[in-house]
Every structure is written in C-alpha cells, then in structure tokens.
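S.K.: What follows is entry_28.pdb, made up of PDB, C-alpha atoms, pLDDT in the B column:
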```pdb
ATOM      1  CA  MET J  23     -35.110   0.763 -20.996  1.00 45.00           C
ATOM      2  CA  ALA J  24     -31.412   1.317 -21.749  1.00 47.00           C
ATOM      3  CA  LYS J  25     -29.080  -1.177 -20.131  1.00 45.00           C
ATOM      4  CA  LYS J  26     -26.865   0.207 -17.370  1.00 45.00           C
ATOM      5  CA  LYS J  27     -23.173   0.179 -18.113  1.00 45.00           C
ATOM      6  CA  ALA J  28     -21.441  -2.613 -16.223  1.00 43.00           C
ATOM      7  CA  SER J  29     -18.940  -1.597 -13.543  1.00 54.00           C
ATOM      8  CA  LYS J  30     -15.295  -2.220 -14.322  1.00 91.00           C
ATOM      9  CA  ARG J  31     -14.027  -5.080 -12.219  1.00 94.00           C
ATOM     10  CA  VAL J  32     -10.377  -5.946 -11.697  1.00 96.00           C
ATOM     11  CA  LEU J  33      -8.526  -8.566  -9.687  1.00 97.00           C
ATOM     12  CA  GLY J  34      -6.091  -7.024  -7.204  1.00 98.00           C
ATOM     13  CA  ILE J  35      -3.363  -8.972  -5.396  1.00 98.00           C
ATOM     14  CA  ASP J  36      -1.367  -7.723  -2.400  1.00 96.00           C
ATOM     15  CA  VAL J  37       1.893  -9.545  -1.608  1.00 96.00           C
ATOM     16  CA  GLY J  38       2.856  -9.283   2.059  1.00 90.00           C
ATOM     17  CA  GLY J  39       5.560 -10.749   4.225  1.00 87.00           C
ATOM     18  CA  SER J  40       3.221 -13.311   5.810  1.00 88.00           C
ATOM     19  CA  GLY J  41       0.295 -13.537   3.422  1.00 94.00           C
ATOM     20  CA  ILE J  42      -0.664 -12.934  -0.196  1.00 97.00           C
ATOM     21  CA  LYS J  43      -4.207 -11.620  -0.535  1.00 97.00           C
ATOM     22  CA  GLY J  44      -6.477 -11.177  -3.509  1.00 98.00           C
ATOM     23  CA  GLY J  45      -9.979 -10.102  -4.416  1.00 98.00           C
ATOM     24  CA  ILE J  46     -12.075  -8.780  -7.297  1.00 97.00           C
ATOM     25  CA  VAL J  47     -12.730  -5.057  -6.945  1.00 97.00           C
ATOM     26  CA  ASP J  48     -15.560  -2.947  -8.328  1.00 96.00           C
ATOM     27  CA  LEU J  49     -13.618   0.157  -9.412  1.00 95.00           C
ATOM     28  CA  SER J  50     -16.715   2.338  -9.499  1.00 94.00           C
ATOM     29  CA  LYS J  51     -16.994   2.010  -5.719  1.00 94.00           C
ATOM     30  CA  GLY J  52     -13.598   0.734  -4.583  1.00 95.00           C
ATOM     31  CA  GLU J  53     -15.271  -2.237  -2.950  1.00 96.00           C
ATOM     32  CA  LEU J  54     -14.461  -5.927  -2.958  1.00 97.00           C
ATOM     33  CA  ILE J  55     -17.222  -7.896  -4.623  1.00 96.00           C
ATOM     34  CA  THR J  56     -15.742 -11.199  -3.439  1.00 95.00           C
ATOM     35  CA  GLU J  57     -14.389 -12.428  -0.148  1.00 94.00           C
ATOM     36  CA  ARG J  58     -10.719 -11.549   0.166  1.00 94.00           C
ATOM     37  CA  HIS J  59      -8.776 -14.796  -0.304  1.00 97.00           C
ATOM     38  CA  ARG J  60      -5.449 -15.265   1.489  1.00 97.00           C
ATOM     39  CA  ILE J  61      -2.631 -17.756   0.979  1.00 98.00           C
ATOM     40  CA  ALA J  62       0.429 -17.837   3.224  1.00 96.00           C
ATOM     41  CA  THR J  63       3.512 -16.255   1.677  1.00 95.00           C
ATOM     42  CA  PRO J  64       5.940 -19.046   0.727  1.00 96.00           C
ATOM     43  CA  GLN J  65       9.256 -19.210   2.544  1.00 95.00           C
ATOM     44  CA  PRO J  66      11.607 -18.332   1.057  1.00 96.00           C
ATOM     45  CA  ALA J  67       9.540 -15.809  -0.903  1.00 96.00           C
ATOM     46  CA  THR J  68      11.450 -16.186  -4.176  1.00 97.00           C
ATOM     47  CA  PRO J  69      10.108 -14.775  -7.466  1.00 97.00           C
ATOM     48  CA  LYS J  70       9.064 -18.207  -8.697  1.00 97.00           C
ATOM     49  CA  ALA J  71       7.377 -19.187  -5.421  1.00 98.00           C
ATOM     50  CA  VAL J  72       5.456 -15.903  -5.086  1.00 98.00           C
ATOM     51  CA  ALA J  73       4.383 -15.969  -8.728  1.00 98.00           C
ATOM     52  CA  THR J  74       3.084 -19.516  -8.236  1.00 98.00           C
ATOM     53  CA  VAL J  75       0.885 -18.374  -5.341  1.00 98.00           C
ATOM     54  CA  THR J  76      -0.479 -15.447  -7.368  1.00 98.00           C
ATOM     55  CA  ARG J  77      -1.436 -17.968 -10.064  1.00 98.00           C
ATOM     56  CA  ARG J  78      -3.303 -19.985  -7.437  1.00 98.00           C
ATOM     57  CA  LEU J  79      -5.181 -16.845  -6.397  1.00 97.00           C
ATOM     58  CA  THR J  80      -6.019 -15.993 -10.004  1.00 97.00           C
ATOM     59  CA  ASP J  81      -7.307 -19.525 -10.578  1.00 97.00           C
ATOM     60  CA  HIS J  82      -9.292 -19.354  -7.324  1.00 98.00           C
ATOM     61  CA  PHE J  83     -11.263 -16.415  -8.729  1.00 97.00           C
ATOM     62  CA  ASP J  84     -11.437 -17.964 -12.218  1.00 96.00           C
ATOM     63  CA  TRP J  85     -10.067 -14.665 -13.517  1.00 95.00           C
ATOM     64  CA  ASP J  86      -9.021 -14.393 -17.164  1.00 92.00           C
ATOM     65  CA  ARG J  87      -8.246 -10.664 -17.580  1.00 93.00           C
ATOM     66  CA  GLY J  88      -5.558  -8.235 -16.435  1.00 93.00           C
ATOM     67  CA  VAL J  89      -4.343  -8.234 -12.821  1.00 96.00           C
ATOM     68  CA  GLY J  90      -2.818  -5.640 -10.503  1.00 97.00           C
ATOM     69  CA  VAL J  91      -0.128  -6.820  -8.077  1.00 98.00           C
ATOM     70  CA  ALA J  92       1.290  -4.833  -5.150  1.00 97.00           C
ATOM     71  CA  ILE J  93       4.643  -5.953  -3.710  1.00 96.00           C
ATOM     72  CA  PRO J  94       6.783  -4.684  -0.801  1.00 93.00           C
ATOM     73  CA  SER J  95       9.508  -3.338  -3.073  1.00 95.00           C
ATOM     74  CA  ILE J  96      10.651  -0.336  -5.038  1.00 96.00           C
ATOM     75  CA  VAL J  97       9.404  -1.015  -8.570  1.00 97.00           C
ATOM     76  CA  ARG J  98      10.778   1.093 -11.417  1.00 97.00           C
ATOM     77  CA  HIS J  99       9.558   0.340 -14.953  1.00 95.00           C
ATOM     78  CA  GLY J 100       8.637  -3.141 -13.776  1.00 96.00           C
ATOM     79  CA  ILE J 101      12.058  -3.915 -12.262  1.00 98.00           C
ATOM     80  CA  VAL J 102      12.447  -4.620  -8.529  1.00 98.00           C
ATOM     81  CA  HIS J 103      15.032  -2.482  -6.734  1.00 97.00           C
ATOM     82  CA  SER J 104      14.507  -3.469  -3.090  1.00 94.00           C
ATOM     83  CA  ALA J 105      13.413  -6.530  -1.131  1.00 88.00           C
ATOM     84  CA  ALA J 106      12.093  -5.757   2.346  1.00 76.00           C
ATOM     85  CA  ASN J 107       9.778  -8.655   3.264  1.00 77.00           C
ATOM     86  CA  ILE J 108      10.490 -10.912   0.314  1.00 88.00           C
ATOM     87  CA  ASP J 109      13.559 -12.892  -0.712  1.00 94.00           C
ATOM     88  CA  LYS J 110      16.677 -10.980  -1.769  1.00 96.00           C
ATOM     89  CA  SER J 111      16.616 -12.874  -5.078  1.00 97.00           C
ATOM     90  CA  TRP J 112      13.944 -10.373  -6.171  1.00 97.00           C
ATOM     91  CA  MET J 113      16.610  -7.704  -6.604  1.00 97.00           C
ATOM     92  CA  GLY J 114      16.839  -6.858 -10.301  1.00 98.00           C
ATOM     93  CA  GLU J 115      13.890  -9.111 -11.168  1.00 98.00           C
ATOM     94  CA  ASP J 116      11.514  -8.042 -13.943  1.00 98.00           C
ATOM     95  CA  ALA J 117       8.363  -8.406 -11.851  1.00 98.00           C
ATOM     96  CA  VAL J 118       6.000  -7.585 -14.703  1.00 98.00           C
ATOM     97  CA  ALA J 119       7.525 -10.284 -16.903  1.00 98.00           C
ATOM     98  CA  ARG J 120       7.587 -12.792 -14.033  1.00 98.00           C
ATOM     99  CA  PHE J 121       3.928 -12.333 -13.062  1.00 98.00           C
ATOM    100  CA  SER J 122       2.687 -12.009 -16.649  1.00 97.00           C
ATOM    101  CA  ALA J 123       4.320 -15.329 -17.559  1.00 98.00           C
ATOM    102  CA  ALA J 124       2.965 -17.084 -14.468  1.00 98.00           C
ATOM    103  CA  LEU J 125      -0.580 -15.728 -14.837  1.00 97.00           C
ATOM    104  CA  GLU J 126      -0.631 -15.834 -18.651  1.00 96.00           C
ATOM    105  CA  ARG J 127      -2.329 -12.440 -18.842  1.00 94.00           C
ATOM    106  CA  PRO J 128      -1.378  -8.747 -18.581  1.00 95.00           C
ATOM    107  CA  VAL J 129      -0.107  -7.706 -15.135  1.00 97.00           C
ATOM    108  CA  TRP J 130       0.696  -4.281 -13.664  1.00 97.00           C
ATOM    109  CA  VAL J 131       2.993  -4.164 -10.621  1.00 98.00           C
ATOM    110  CA  LEU J 132       3.543  -1.395  -8.071  1.00 97.00           C
ATOM    111  CA  ASN J 133       4.864  -0.767  -4.575  1.00 96.00           C
ATOM    112  CA  ASP J 134       2.494  -1.881  -1.808  1.00 94.00           C
ATOM    113  CA  ALA J 135       2.410   1.468   0.033  1.00 95.00           C
ATOM    114  CA  ASP J 136       1.708   3.217  -3.269  1.00 97.00           C
ATOM    115  CA  ALA J 137      -1.196   0.815  -3.810  1.00 97.00           C
ATOM    116  CA  ALA J 138      -2.608   1.575  -0.357  1.00 96.00           C
ATOM    117  CA  GLY J 139      -2.270   5.296  -1.038  1.00 96.00           C
ATOM    118  CA  LEU J 140      -4.110   5.052  -4.348  1.00 96.00           C
ATOM    119  CA  ALA J 141      -6.964   3.244  -2.653  1.00 96.00           C
ATOM    120  CA  GLU J 142      -7.246   5.794   0.146  1.00 95.00           C
ATOM    121  CA  LEU J 143      -6.944   8.793  -2.168  1.00 93.00           C
ATOM    122  CA  HIS J 144      -9.616   7.604  -4.589  1.00 94.00           C
ATOM    123  CA  TYR J 145     -12.025   5.855  -2.232  1.00 95.00           C
ATOM    124  CA  GLY J 146     -11.268   7.069   1.294  1.00 92.00           C
ATOM    125  CA  SER J 147     -12.017  10.293   3.144  1.00 84.00           C
ATOM    126  CA  ALA J 148      -8.709  11.746   1.873  1.00 86.00           C
ATOM    127  CA  SER J 149     -10.322  12.164  -1.550  1.00 89.00           C
ATOM    128  CA  GLU J 150     -11.349  15.712  -0.594  1.00 90.00           C
ATOM    129  CA  TYR J 151      -7.643  16.624  -0.645  1.00 91.00           C
ATOM    130  CA  ALA J 152      -6.963  15.146  -4.086  1.00 89.00           C
ATOM    131  CA  ASP J 153      -6.214  18.606  -5.492  1.00 92.00           C
ATOM    132  CA  GLY J 154      -3.398  19.207  -3.020  1.00 95.00           C
ATOM    133  CA  VAL J 155      -0.431  17.377  -1.537  1.00 97.00           C
ATOM    134  CA  VAL J 156      -1.285  14.222   0.414  1.00 97.00           C
ATOM    135  CA  ILE J 157       1.091  11.847   2.214  1.00 97.00           C
ATOM    136  CA  LEU J 158      -0.014   8.357   3.240  1.00 96.00           C
ATOM    137  CA  LEU J 159       2.038   6.722   6.001  1.00 97.00           C
ATOM    138  CA  THR J 160       1.608   3.093   7.030  1.00 94.00           C
ATOM    139  CA  PHE J 161       2.908   2.353  10.510  1.00 94.00           C
ATOM    140  CA  GLY J 162       3.815  -1.285  11.010  1.00 90.00           C
ATOM    141  CA  THR J 163       7.100  -3.187  11.068  1.00 87.00           C
ATOM    142  CA  GLY J 164       8.516  -0.096   9.367  1.00 90.00           C
ATOM    143  CA  ILE J 165       6.939   3.043   7.935  1.00 95.00           C
ATOM    144  CA  GLY J 166       5.673   2.880   4.366  1.00 93.00           C
ATOM    145  CA  SER J 167       4.810   6.005   2.420  1.00 97.00           C
ATOM    146  CA  ALA J 168       2.973   7.261  -0.643  1.00 97.00           C
ATOM    147  CA  VAL J 169       3.027  10.858  -1.859  1.00 97.00           C
ATOM    148  CA  PHE J 170       0.426  12.481  -4.122  1.00 97.00           C
ATOM    149  CA  VAL J 171       0.500  15.903  -5.759  1.00 97.00           C
ATOM    150  CA  GLU J 172      -2.816  16.994  -7.271  1.00 95.00           C
ATOM    151  CA  GLY J 173      -3.886  13.375  -7.528  1.00 93.00           C
ATOM    152  CA  GLU J 174      -0.686  12.198  -9.209  1.00 95.00           C
ATOM    153  CA  LEU J 175       1.462   9.581  -7.482  1.00 96.00           C
ATOM    154  CA  LEU J 176       5.163  10.158  -6.872  1.00 97.00           C
ATOM    155  CA  PRO J 177       6.110   6.462  -6.880  1.00 96.00           C
ATOM    156  CA  ASN J 178       8.444   4.568  -4.597  1.00 97.00           C
ATOM    157  CA  THR J 179       8.995   7.125  -1.874  1.00 96.00           C
ATOM    158  CA  GLU J 180      10.704   5.618   1.161  1.00 94.00           C
ATOM    159  CA  LEU J 181      10.007   8.265   3.779  1.00 97.00           C
ATOM    160  CA  GLY J 182      10.399   5.772   6.588  1.00 95.00           C
ATOM    161  CA  HIS J 183      14.129   5.895   5.860  1.00 94.00           C
ATOM    162  CA  LEU J 184      14.441   9.641   6.368  1.00 96.00           C
ATOM    163  CA  GLN J 185      17.086  10.346   8.987  1.00 96.00           C
ATOM    164  CA  LEU J 186      15.701  11.392  12.355  1.00 95.00           C
ATOM    165  CA  ARG J 187      17.786  11.503  15.513  1.00 93.00           C
ATOM    166  CA  GLY J 188      20.705   9.952  13.658  1.00 95.00           C
ATOM    167  CA  ASP J 189      18.827   6.859  12.417  1.00 95.00           C
ATOM    168  CA  ASP J 190      16.064   5.796  10.039  1.00 96.00           C
ATOM    169  CA  ALA J 191      12.820   7.321  11.309  1.00 97.00           C
ATOM    170  CA  GLU J 192      11.089   3.940  11.169  1.00 95.00           C
ATOM    171  CA  HIS J 193      13.526   2.468  13.699  1.00 95.00           C
ATOM    172  CA  TRP J 194      12.272   5.022  16.212  1.00 96.00           C
ATOM    173  CA  ALA J 195       8.661   5.825  15.272  1.00 97.00           C
ATOM    174  CA  SER J 196       7.215   2.621  13.746  1.00 96.00           C
ATOM    175  CA  ALA J 197       4.478   0.549  15.376  1.00 95.00           C
ATOM    176  CA  ARG J 198       7.067  -2.165  15.983  1.00 94.00           C
ATOM    177  CA  ALA J 199       9.214   0.310  17.940  1.00 96.00           C
ATOM    178  CA  ARG J 200       6.220   1.121  20.136  1.00 97.00           C
ATOM    179  CA  GLU J 201       5.590  -2.540  20.851  1.00 96.00           C
ATOM    180  CA  GLU J 202       9.208  -3.537  21.381  1.00 97.00           C
ATOM    181  CA  GLU J 203       9.891  -0.643  23.747  1.00 98.00           C
ATOM    182  CA  GLY J 204       6.572  -0.947  25.559  1.00 98.00           C
ATOM    183  CA  LEU J 205       5.630   2.676  24.868  1.00 98.00           C
ATOM    184  CA  SER J 206       2.238   4.025  25.830  1.00 98.00           C
ATOM    185  CA  TRP J 207       0.131   5.435  23.006  1.00 98.00           C
ATOM    186  CA  LYS J 208       0.806   8.922  24.337  1.00 98.00           C
ATOM    187  CA  ASP J 209       4.572   8.463  24.488  1.00 98.00           C
ATOM    188  CA  TRP J 210       4.608   6.926  21.019  1.00 98.00           C
ATOM    189  CA  ALA J 211       2.526   9.820  19.688  1.00 98.00           C
ATOM    190  CA  VAL J 212       5.284  12.205  20.794  1.00 98.00           C
ATOM    191  CA  ARG J 213       7.681  10.351  18.476  1.00 98.00           C
ATOM    192  CA  VAL J 214       5.187  10.239  15.615  1.00 98.00           C
ATOM    193  CA  SER J 215       4.540  13.963  16.047  1.00 98.00           C
ATOM    194  CA  GLU J 216       8.219  14.764  15.686  1.00 98.00           C
ATOM    195  CA  TYR J 217       8.336  12.650  12.532  1.00 98.00           C
ATOM    196  CA  LEU J 218       5.213  14.293  11.079  1.00 98.00           C
ATOM    197  CA  GLN J 219       6.561  17.750  11.862  1.00 98.00           C
ATOM    198  CA  HIS J 220       9.750  16.882   9.988  1.00 98.00           C
ATOM    199  CA  LEU J 221       7.714  15.779   6.955  1.00 98.00           C
ATOM    200  CA  GLU J 222       5.566  18.887   7.233  1.00 98.00           C
ATOM    201  CA  PHE J 223       8.683  21.050   7.078  1.00 97.00           C
ATOM    202  CA  LEU J 224      10.006  19.185   4.013  1.00 97.00           C
ATOM    203  CA  PHE J 225       6.820  18.759   1.955  1.00 97.00           C
ATOM    204  CA  SER J 226       4.136  21.177   3.237  1.00 97.00           C
ATOM    205  CA  PRO J 227       1.321  18.631   2.714  1.00 97.00           C
ATOM    206  CA  ASP J 228      -2.375  19.406   2.995  1.00 96.00           C
ATOM    207  CA  ALA J 229      -3.114  16.134   4.766  1.00 96.00           C
ATOM    208  CA  PHE J 230      -1.524  13.048   6.285  1.00 97.00           C
ATOM    209  CA  ILE J 231      -3.303   9.691   5.993  1.00 96.00           C
ATOM    210  CA  ILE J 232      -2.304   7.322   8.799  1.00 96.00           C
ATOM    211  CA  GLY J 233      -2.576   3.665   7.815  1.00 93.00           C
ATOM    212  CA  GLY J 234      -1.329   0.289   8.948  1.00 88.00           C
ATOM    213  CA  GLY J 235      -2.818  -1.677  11.819  1.00 86.00           C
ATOM    214  CA  VAL J 236      -2.594   1.342  14.143  1.00 93.00           C
ATOM    215  CA  SER J 237      -5.248   3.167  12.114  1.00 91.00           C
ATOM    216  CA  ARG J 238      -7.829   1.049  13.955  1.00 91.00           C
ATOM    217  CA  ARG J 239      -6.583   2.600  17.211  1.00 95.00           C
ATOM    218  CA  ALA J 240      -6.698   6.200  16.022  1.00 95.00           C
ATOM    219  CA  LYS J 241      -8.622   7.336  19.115  1.00 96.00           C
ATOM    220  CA  SER J 242      -5.755   6.055  21.280  1.00 97.00           C
ATOM    221  CA  PHE J 243      -3.102   8.364  19.852  1.00 98.00           C
ATOM    222  CA  PHE J 244      -4.591  10.928  17.427  1.00 98.00           C
ATOM    223  CA  PRO J 245      -5.478  13.299  20.310  1.00 97.00           C
ATOM    224  CA  PHE J 246      -1.772  13.468  21.210  1.00 98.00           C
ATOM    225  CA  LEU J 247      -0.433  14.199  17.723  1.00 98.00           C
ATOM    226  CA  LYS J 248       0.841  17.721  17.221  1.00 97.00           C
ATOM    227  CA  THR J 249       1.066  19.101  13.695  1.00 96.00           C
ATOM    228  CA  SER J 250      -0.681  21.898  11.816  1.00 96.00           C
ATOM    229  CA  VAL J 251      -1.606  19.479   9.017  1.00 96.00           C
ATOM    230  CA  ARG J 252      -4.947  17.641   8.867  1.00 96.00           C
ATOM    231  CA  ILE J 253      -4.522  14.008   9.983  1.00 96.00           C
ATOM    232  CA  ILE J 254      -6.898  11.357   8.644  1.00 94.00           C
ATOM    233  CA  ALA J 255      -7.204   7.713   9.681  1.00 95.00           C
ATOM    234  CA  ALA J 256      -7.085   5.324   6.727  1.00 94.00           C
ATOM    235  CA  ASP J 257     -10.526   4.028   5.799  1.00 94.00           C
ATOM    236  CA  LEU J 258      -9.781   0.828   3.890  1.00 92.00           C
ATOM    237  CA  GLU J 259      -7.512  -0.848   6.481  1.00 84.00           C
ATOM    238  CA  ASN J 260      -6.282  -4.272   5.281  1.00 84.00           C
ATOM    239  CA  ARG J 261      -8.235  -4.006   2.007  1.00 93.00           C
ATOM    240  CA  ALA J 262      -6.208  -1.044   0.743  1.00 94.00           C
ATOM    241  CA  GLY J 263      -3.422  -3.001  -0.976  1.00 94.00           C
ATOM    242  CA  VAL J 264      -5.826  -5.182  -2.952  1.00 97.00           C
ATOM    243  CA  VAL J 265      -8.070  -2.252  -3.906  1.00 97.00           C
ATOM    244  CA  GLY J 266      -5.130  -0.044  -4.871  1.00 96.00           C
ATOM    245  CA  ALA J 267      -3.514  -2.751  -6.985  1.00 97.00           C
ATOM    246  CA  ALA J 268      -6.795  -3.237  -8.831  1.00 97.00           C
ATOM    247  CA  TRP J 269      -7.205   0.522  -9.363  1.00 96.00           C
ATOM    248  CA  TYR J 270      -3.677   0.783 -10.755  1.00 96.00           C
ATOM    249  CA  ALA J 271      -4.262  -2.039 -13.238  1.00 95.00           C
ATOM    250  CA  GLY J 272      -7.614  -0.635 -14.246  1.00 94.00           C
ATOM    251  CA  HIS J 273      -6.089   2.756 -15.081  1.00 90.00           C
ATOM    252  CA  GLN J 274      -2.886   1.602 -16.732  1.00 85.00           C
ATOM    253  CA  GLY J 275      -3.987  -0.610 -19.586  1.00 67.00           C
ATOM    254  CA  VAL J 276      -6.629  -2.648 -21.312  1.00 50.00           C
ATOM    255  CA  ILE J 277      -8.359  -4.954 -18.864  1.00 53.00           C
TER     256      ILE J 277
END
```
Write out the structure in this file as structure tokens.

M.R.:
Amino acid sequence: MAKKKASKRVLGIDVGGSGIKGGIVDLSKGELITERHRIATPQPATPKAVATVTRRLTDHFDWDRGVGVAIPSIVRHGIVHSAANIDKSWMGEDAVARFSAALERPVWVLNDADAAGLAELHYGSASEYADGVVILLTFGTGIGSAVFVEGELLPNTELGHLQLRGDDAEHWASARAREEEGLSWKDWAVRVSEYLQHLEFLFSPDAFIIGGGVSRRAKSFFPFLKTSVRIIAADLENRAGVVGAAWYAGHQGVI
C-alpha cells in the first residue's frame, strides 16, 4: 500500500496586546494539532521582549522549521509602520529580521487582521466567496480589517480608521464603544449597519465576515444589521490569528 502524503504542519504565532499565542497547525484542514499555548505579552512590548517570548513559544513546541507570526501592526516588506497594542519602539523595526534572529529559523510576518482573514477565507464558511470580494472586520478595542479580491489579500488595510460622522469609524462602532456607552445590541447594530453600508458603497463586496469576540454573539445583533451584502460570522474565533499566520508562512516559503 502506498504511504499517504504527510500533511504540511506549520507553527503559527499571534502577538496580541495582552497575550502571545502559538500552536502547530495542520494546513490541510486549518486545525490546531496541539493545544494553543499562551504567554502574557511583556510590558513594555518592545521588539526584543516580544521576540524573546516568541522564542519561548517555539521552544515549547520543540519546533525547528519556519514560523508565521502575526502582529498588530502595518507590515510592509517586513518593516513595521504602526504600533497599536505594542510598544512604539516597533516603528521602523525590521520584524522579519528581529524574529528570524531570535528564533534562528525562517520567519514570515504579517498584520494580525490579515492573518485572521486568511484563516477565515481558506478554512471558514467564507470560502464559498473566495472568487469575489470579501471583507473581514474584527470588532474589538478597535476595528481591524482584511480585504480579499478573488482570493488575493490586499494587505494592511485599516478600514477602522475610515472617517464616519467626523471621526474614525472605530471610535463610534467598535465593540469597546458599545461597552463604554452601555449600548444595547440593537442600538449598536444601528451603528455597525451604517458603517457596513459605507463600506458597501466604497467596495461593493460579496460578503462581510464579522470577527472579534462579538462573533460569538452573532444572534444578538445580526438580525438588526441592515445591508444588502451577505454577512457571515467568523468561524475560527480566537484561533484565527494563529491559523492564518501558519497559512501565510506555509505559502510564502520553504518550511
């Protein structure tokens, strides 16, 4: 009997403002084959401190091949151009060089919302729209975004910073805004609808994927959303960053 081809497995790491998570992902299924391991994000979250934690995660999994890392930053050709939930000293940092030196192996780095989008597009229910235009939106402290056109990622979109009502949309329609202002799900959905309608006008997407912690409460506000575009709740929840980082590494270079 011929031996079955082994599934490609990649270590994905997701750097967040409060925790840095990692896990080994089976790219044939988009599933974690290990328990997701989490280490608190160091404070301050400087390049050296964060890279040290990613090394601890890599050692925890006894991983000796390439690694994908998602960070909450604009990343262009490996260079960091924003620092939302990490230390400002990341600005201008060569993240690929920093992580590759710390881990002593090849590393591919991308924006965290882009990583979540890749995971949802390739392994979630949004995959049926891969031939069209898909926008992932993560509602949390702010609003993260990832845009795909016929399966290709337009990296580093920051659609949460689109101007709406004279301010960044995320200051008005994020999950944090709902909590801080004590809005009901219905009242918050009115704000989200206005934001989605604005994006619909600008991009004419085939589907919106709604992620972030609120995706677990889709039944609380989806019925109140008003847009002509199909709206899908994210499937992978808090695994998306790790899975997407692994997918990116697995499709960018030799693992």

S.K.: Please expand the PyMOL selection byres ((chain J and resi 262-275) around 10) into the concrete residues it hits in this file, giving the result as a PyMOL selection string.

M.R.: chain J and resi 30-38+42-50+52-54+58+88-93+128-146+233-234+256-261+276-277

S.K.: Looking at only C-alpha atoms, which of J:Gly39, J:Pro94, J:Gly154, J:Pro69 is the one that sits closest to Ala119 (chain J)?

M.R.: J:Pro69

S.K.: Selected by the PyMOL selection byres ((chain J and resi 171-183) around 10) in the shown coordinates: which residues, as a PyMOL selection string?

M.R.: chain J and resi 95-98+103+132-137+139-140+143-144+149+151-157+159-161+164-170+184-186+189-196+217+221+227-228

S.K.: Once the PyMOL selection byres ((chain J and resi 202-212) around 9) has been evaluated on this model, what residues remain selected, and can you format them as a PyMOL selection string?

M.R.: chain J and resi 195-201+213-217+242-248

S.K.: For CA of His99 (chain J) and CA of Gly114 (chain J), determine how far apart the two atoms are, in Å to one decimal place.

M.R.: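 CA of Gly114 (chain J) lies at a distance of 11.2 Å from CA of His99 (chain J).
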
S.K.: Between CA of Lys110 (chain J) and CA of Thr74 (chain J), what is the spacing in Å?

M.R.: 17.3 Å

S.K.: Using only C-alpha atoms, which of the listed residues (J:Ser147, J:Gln219, J:Thr80, J:Ser104) sits closest to Ala124 (chain J)?

M.R.: J:Thr80

S.K.: Please complete region 149-160 of chain J with N, CA and C atoms and give it back as a PDB file, in the frame of the given file.

M.R.:
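That gives us selection-v2.pdb:
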```pdb
ATOM      1  N   SER J 149     -10.023  11.746  -0.180  1.00 89.00           N
ATOM      2  CA  SER J 149     -10.322  12.164  -1.550  1.00 89.00           C
ATOM      3  C   SER J 149     -10.608  13.662  -1.650  1.00 89.00           C
ATOM      4  N   GLU J 150     -11.061  14.274  -0.559  1.00 90.00           N
ATOM      5  CA  GLU J 150     -11.349  15.712  -0.594  1.00 90.00           C
ATOM      6  C   GLU J 150     -10.078  16.548  -0.708  1.00 90.00           C
ATOM      7  N   TYR J 151      -8.917  15.907  -0.523  1.00 91.00           N
ATOM      8  CA  TYR J 151      -7.643  16.624  -0.645  1.00 91.00           C
ATOM      9  C   TYR J 151      -6.907  16.260  -1.930  1.00 91.00           C
ATOM     10  N   ALA J 152      -7.604  15.638  -2.859  1.00 89.00           N
ATOM     11  CA  ALA J 152      -6.963  15.146  -4.086  1.00 89.00           C
ATOM     12  C   ALA J 152      -6.345  16.261  -4.922  1.00 89.00           C
ATOM     13  N   ASP J 153      -6.773  17.499  -4.724  1.00 92.00           N
ATOM     14  CA  ASP J 153      -6.214  18.606  -5.492  1.00 92.00           C
ATOM     15  C   ASP J 153      -4.955  19.197  -4.856  1.00 92.00           C
ATOM     16  N   GLY J 154      -4.563  18.673  -3.720  1.00 95.00           N
ATOM     17  CA  GLY J 154      -3.398  19.207  -3.020  1.00 95.00           C
ATOM     18  C   GLY J 154      -2.280  18.191  -2.906  1.00 95.00           C
ATOM     19  N   VAL J 155      -1.531  18.300  -1.828  1.00 97.00           N
ATOM     20  CA  VAL J 155      -0.431  17.377  -1.537  1.00 97.00           C
ATOM     21  C   VAL J 155      -0.858  16.492  -0.370  1.00 97.00           C
ATOM     22  N   VAL J 156      -0.853  15.189  -0.595  1.00 97.00           N
ATOM     23  CA  VAL J 156      -1.285  14.222   0.414  1.00 97.00           C
ATOM     24  C   VAL J 156      -0.179  13.195   0.626  1.00 97.00           C
ATOM     25  N   ILE J 157       0.091  12.870   1.890  1.00 97.00           N
ATOM     26  CA  ILE J 157       1.091  11.847   2.214  1.00 97.00           C
ATOM     27  C   ILE J 157       0.422  10.753   3.028  1.00 97.00           C
ATOM     28  N   LEU J 158       0.441   9.528   2.501  1.00 96.00           N
ATOM     29  CA  LEU J 158      -0.014   8.357   3.240  1.00 96.00           C
ATOM     30  C   LEU J 158       1.183   7.754   3.954  1.00 96.00           C
ATOM     31  N   LEU J 159       1.001   7.389   5.220  1.00 97.00           N
ATOM     32  CA  LEU J 159       2.038   6.722   6.001  1.00 97.00           C
ATOM     33  C   LEU J 159       1.447   5.477   6.638  1.00 97.00           C
ATOM     34  N   THR J 160       2.066   4.329   6.410  1.00 94.00           N
ATOM     35  CA  THR J 160       1.608   3.093   7.030  1.00 94.00           C
ATOM     36  C   THR J 160       2.584   2.721   8.137  1.00 94.00           C
TER      37      THR J 160
END
```
